[in-house]
Structure formats: C-alpha cells, structure tokens
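Asks: Sending over input_18.pdb (PDB, C-alpha atoms and all ligand atoms).
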ATOM      1  CA  MET A 717       3.911   9.908  -0.306  1.00  0.00           C
ATOM      2  CA  THR A 718       4.115   6.453   1.138  1.00  0.00           C
ATOM      3  CA  VAL A 719       4.955   5.720   4.745  1.00  0.00           C
ATOM      4  CA  LYS A 720       6.549   2.376   5.521  1.00  0.00           C
ATOM      5  CA  ILE A 721       5.736   0.667   8.798  1.00  0.00           C
ATOM      6  CA  LYS A 722       8.343  -1.825   9.906  1.00  0.00           C
ATOM      7  CA  GLN A 723       8.397  -4.148  12.860  1.00  0.00           C
ATOM      8  CA  ASP A 724      11.262  -6.186  14.210  1.00  0.00           C
ATOM      9  CA  TYR A 725       9.047  -9.174  14.840  1.00  0.00           C
ATOM     10  CA  SER A 726      11.656 -11.173  16.736  1.00  0.00           C
ATOM     11  CA  ALA A 727      12.170  -8.268  19.157  1.00  0.00           C
ATOM     12  CA  CYS A 728       8.431  -7.853  19.776  1.00  0.00           C
ATOM     13  CA  ILE A 729       7.360  -9.112  23.205  1.00  0.00           C
ATOM     14  CA  GLY A 730       3.655  -9.272  22.373  1.00  0.00           C
ATOM     15  CA  CYS A 731       2.616  -6.674  24.967  1.00  0.00           C
ATOM     16  CA  GLY A 732      -0.241  -5.379  22.805  1.00  0.00           C
ATOM     17  CA  ALA A 733       0.459  -1.678  23.375  1.00  0.00           C
ATOM     18  CA  CYS A 734       0.509  -1.036  19.613  1.00  0.00           C
ATOM     19  CA  VAL A 735      -2.928  -2.643  19.259  1.00  0.00           C
ATOM     20  CA  SER A 736      -4.273  -0.511  22.127  1.00  0.00           C
ATOM     21  CA  VAL A 737      -3.207   2.790  20.603  1.00  0.00           C
ATOM     22  CA  CYS A 738      -3.525   1.888  16.931  1.00  0.00           C
ATOM     23  CA  PRO A 739      -6.171  -0.778  16.356  1.00  0.00           C
ATOM     24  CA  ASP A 740      -6.646   0.624  12.851  1.00  0.00           C
ATOM     25  CA  ASN A 741      -3.371  -0.921  11.732  1.00  0.00           C
ATOM     26  CA  TRP A 742      -2.173  -3.348  14.422  1.00  0.00           C
ATOM     27  CA  LYS A 743      -3.761  -6.680  15.032  1.00  0.00           C
ATOM     28  CA  PHE A 744      -2.827  -9.775  17.014  1.00  0.00           C
ATOM     29  CA  GLN A 745      -1.999 -12.700  14.781  1.00  0.00           C
ATOM     30  CA  GLY A 746      -1.335 -15.471  17.209  1.00  0.00           C
ATOM     31  CA  GLU A 747       0.865 -14.429  20.127  1.00  0.00           C
ATOM     32  CA  LYS A 748       2.142 -11.188  18.644  1.00  0.00           C
ATOM     33  CA  PRO A 749       0.593  -8.334  16.721  1.00  0.00           C
ATOM     34  CA  LYS A 750       1.589  -7.396  13.214  1.00  0.00           C
ATOM     35  CA  PRO A 751       0.794  -4.339  11.148  1.00  0.00           C
ATOM     36  CA  ILE A 752      -2.209  -4.879   8.926  1.00  0.00           C
ATOM     37  CA  LYS A 753      -0.636  -2.641   6.287  1.00  0.00           C
ATOM     38  CA  THR A 754       3.111  -2.093   5.993  1.00  0.00           C
ATOM     39  CA  GLU A 755       2.677   0.771   3.543  1.00  0.00           C
ATOM     40  CA  VAL A 756       0.230   3.545   4.328  1.00  0.00           C
ATOM     41  CA  LYS A 757      -0.470   6.984   2.912  1.00  0.00           C
ATOM     42  CA  GLU A 758      -0.435   8.775   6.248  1.00  0.00           C
ATOM     43  CA  VAL A 759       1.403   7.732   9.373  1.00  0.00           C
ATOM     44  CA  GLY A 760      -1.652   8.264  11.596  1.00  0.00           C
ATOM     45  CA  CYS A 761      -1.717   6.287  14.820  1.00  0.00           C
ATOM     46  CA  ASN A 762       1.273   4.184  13.738  1.00  0.00           C
ATOM     47  CA  LYS A 763       3.334   7.020  15.171  1.00  0.00           C
ATOM     48  CA  GLN A 764       1.766   6.435  18.589  1.00  0.00           C
ATOM     49  CA  ALA A 765       2.346   2.697  18.235  1.00  0.00           C
ATOM     50  CA  ALA A 766       6.042   3.297  17.618  1.00  0.00           C
ATOM     51  CA  ASP A 767       6.197   5.710  20.563  1.00  0.00           C
ATOM     52  CA  VAL A 768       4.577   3.365  23.069  1.00  0.00           C
ATOM     53  CA  CYS A 769       6.360   0.184  22.019  1.00  0.00           C
ATOM     54  CA  PRO A 770       8.463  -0.724  25.076  1.00  0.00           C
ATOM     55  CA  VAL A 771      11.157  -2.437  23.028  1.00  0.00           C
ATOM     56  CA  GLN A 772      11.084   0.125  20.207  1.00  0.00           C
ATOM     57  CA  CYS A 773      10.716  -2.533  17.566  1.00  0.00           C
ATOM     58  CA  ILE A 774       8.438  -0.418  15.366  1.00  0.00           C
ATOM     59  CA  THR A 775      10.106   1.926  12.930  1.00  0.00           C
ATOM     60  CA  ILE A 776       8.487   4.336  10.533  1.00  0.00           C
ATOM     61  CA  GLU A 777      10.076   5.482   7.292  1.00  0.00           C
ATOM     62  CA  GLU A 778       8.480   8.605   5.902  1.00  0.00           C
TER      63      GLU A 778
HETATM   64  S1  LIG B   1       4.034  -2.481  21.260  1.00  0.00           S
HETATM   65 FE1  LIG B   1       5.913  -3.361  20.376  1.00  0.00          FE
HETATM   66  S2  LIG B   1       6.449  -5.066  21.722  1.00  0.00           S
HETATM   67 FE2  LIG B   1       4.333  -4.533  22.177  1.00  0.00          FE
HETATM   68  S3  LIG B   1       3.147  -5.911  20.877  1.00  0.00           S
HETATM   69 FE3  LIG B   1       3.410  -3.993  19.725  1.00  0.00          FE
HETATM   70  S4  LIG B   1       5.235  -4.308  18.459  1.00  0.00           S
HETATM   71 FE4  LIG B   1       5.225  -5.880  20.055  1.00  0.00          FE
END
For the structure just supplied, provide its representation as structure tokens.
Ligand code: SF4

Replies:
Amino acid sequence: MTVKIKQDYSACIGCGACVSVCPDNWKFQGEKPKPIKTEVKEVGCNKQAADVCPVQCITIEE
C-alpha cells in the first residue's frame, strides 16, 4: 500500500517542526521544508509531522 504525503506549501509557515520530528522525510529547501518523498510505503514519522504542524498543512492519505 502506498501512503501519500501532501503539504499545502503556501500555508506552511516554515516553523521546522516537521523536520524536528521527521528528519527522515522532511527537509528544508530554502525557507520552508518539503517532504523528501511524497509517496512512501509506511507512514512512519510523517504522522508525527502532520500532528505537530501548527497550521495543519500536512495531510496523509493512506
Ligand atoms: S510543521 Fe508545518 S508549518 Fe511547520 S515547517 Fe513543517 S509543514 Fe511548515
């Protein structure tokens, strides 16, 4: 099964919380982080990233 990681990039405020909890798949690219992979086999720490995001701009489709 594939898990899709989506980010509303325009809503992102660049706080870096996703990178802190999920450095495996979130990386700063300039002023804001982006997911390294937008399709993963297991949700893993992307779940935590979505939970901690203060503007809830990360969504996960399982
Ligand atoms: S936690 Fe959310 S708002 Fe903060 S940098 Fe990551 S995606 Fe952007």

Asks: Applying the PyMOL selection byres (((chain A and resi 768) around 12) and not hetatm) to the file I just gave you, which residues come out? Please list them as a PyMOL selection string.

Replies: chain A and resi 731-738+761-767+769-775

Asks: Select, from A:Pro751, A:Gln745, A:Ile729, A:Glu778, the residue with the minimum atom-to-atom distance to Met717 in chain A, counting only C-alpha atoms.

Replies: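 So, comparing all the options, the nearest one is A:Glu778.
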
Asks: At a cut-off of 10 Å, using only C-alpha atoms, what residues contact Val759 in chain A? Leave out same-chain residues fewer than 4 positions from it and give the result as a count of residues only.

Replies: 10

Asks: Using CA of Lys743 in chain A and CA of Ala727 in chain A as the two end points, give the distance in Å to one decimal.

Replies: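 Separation of CA of Lys743 in chain A and CA of Ala727 in chain A: 16.5 Å.
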
Asks: CA of Cys728 in chain A and atom S3 of ligand LIG 1 (chain B) are how many Å apart?

Replies: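 We find that CA of Cys728 in chain A and atom S3 of ligand LIG 1 (chain B) lie 5.7 Å from each other.
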
Asks: To test the calculation: enclose all listed atoms of ligand LIG 1 (chain B) in a box whose edges run along x, y and z, add 6 Å on each side, then state centre and edge lengths in Å to one decimal, as lines of an AutoDock Vina configuration file.

Replies:
center_x = 4.8
center_y = -4.2
center_z = 20.3
size_x = 15.3
size_y = 15.4
size_z = 15.7

Asks: What is the atom S2 of ligand LIG 1 (chain B)-CA of Tyr725 in chain A distance in Å, reported with one decimal?

Replies: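 CA of Tyr725 in chain A lies at a distance of 8.4 Å from atom S2 of ligand LIG 1 (chain B).
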
Asks: Of the candidates A:Gly730, A:Lys753, A:Gly760, A:Phe744, which shows the shortest atom-to-atom distance to ligand LIG 1 (chain B), using all atoms listed in the file?

Replies: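 Of the candidates, the smallest distance to ligand LIG 1 (chain B) is held by A:Gly730.
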
Asks: So which one's closest to ligand LIG 1 (chain B), A:Lys757, A:Pro739, A:Gln723, A:Gly746? Using all atoms listed in the file, please.

Replies: A:Gln723
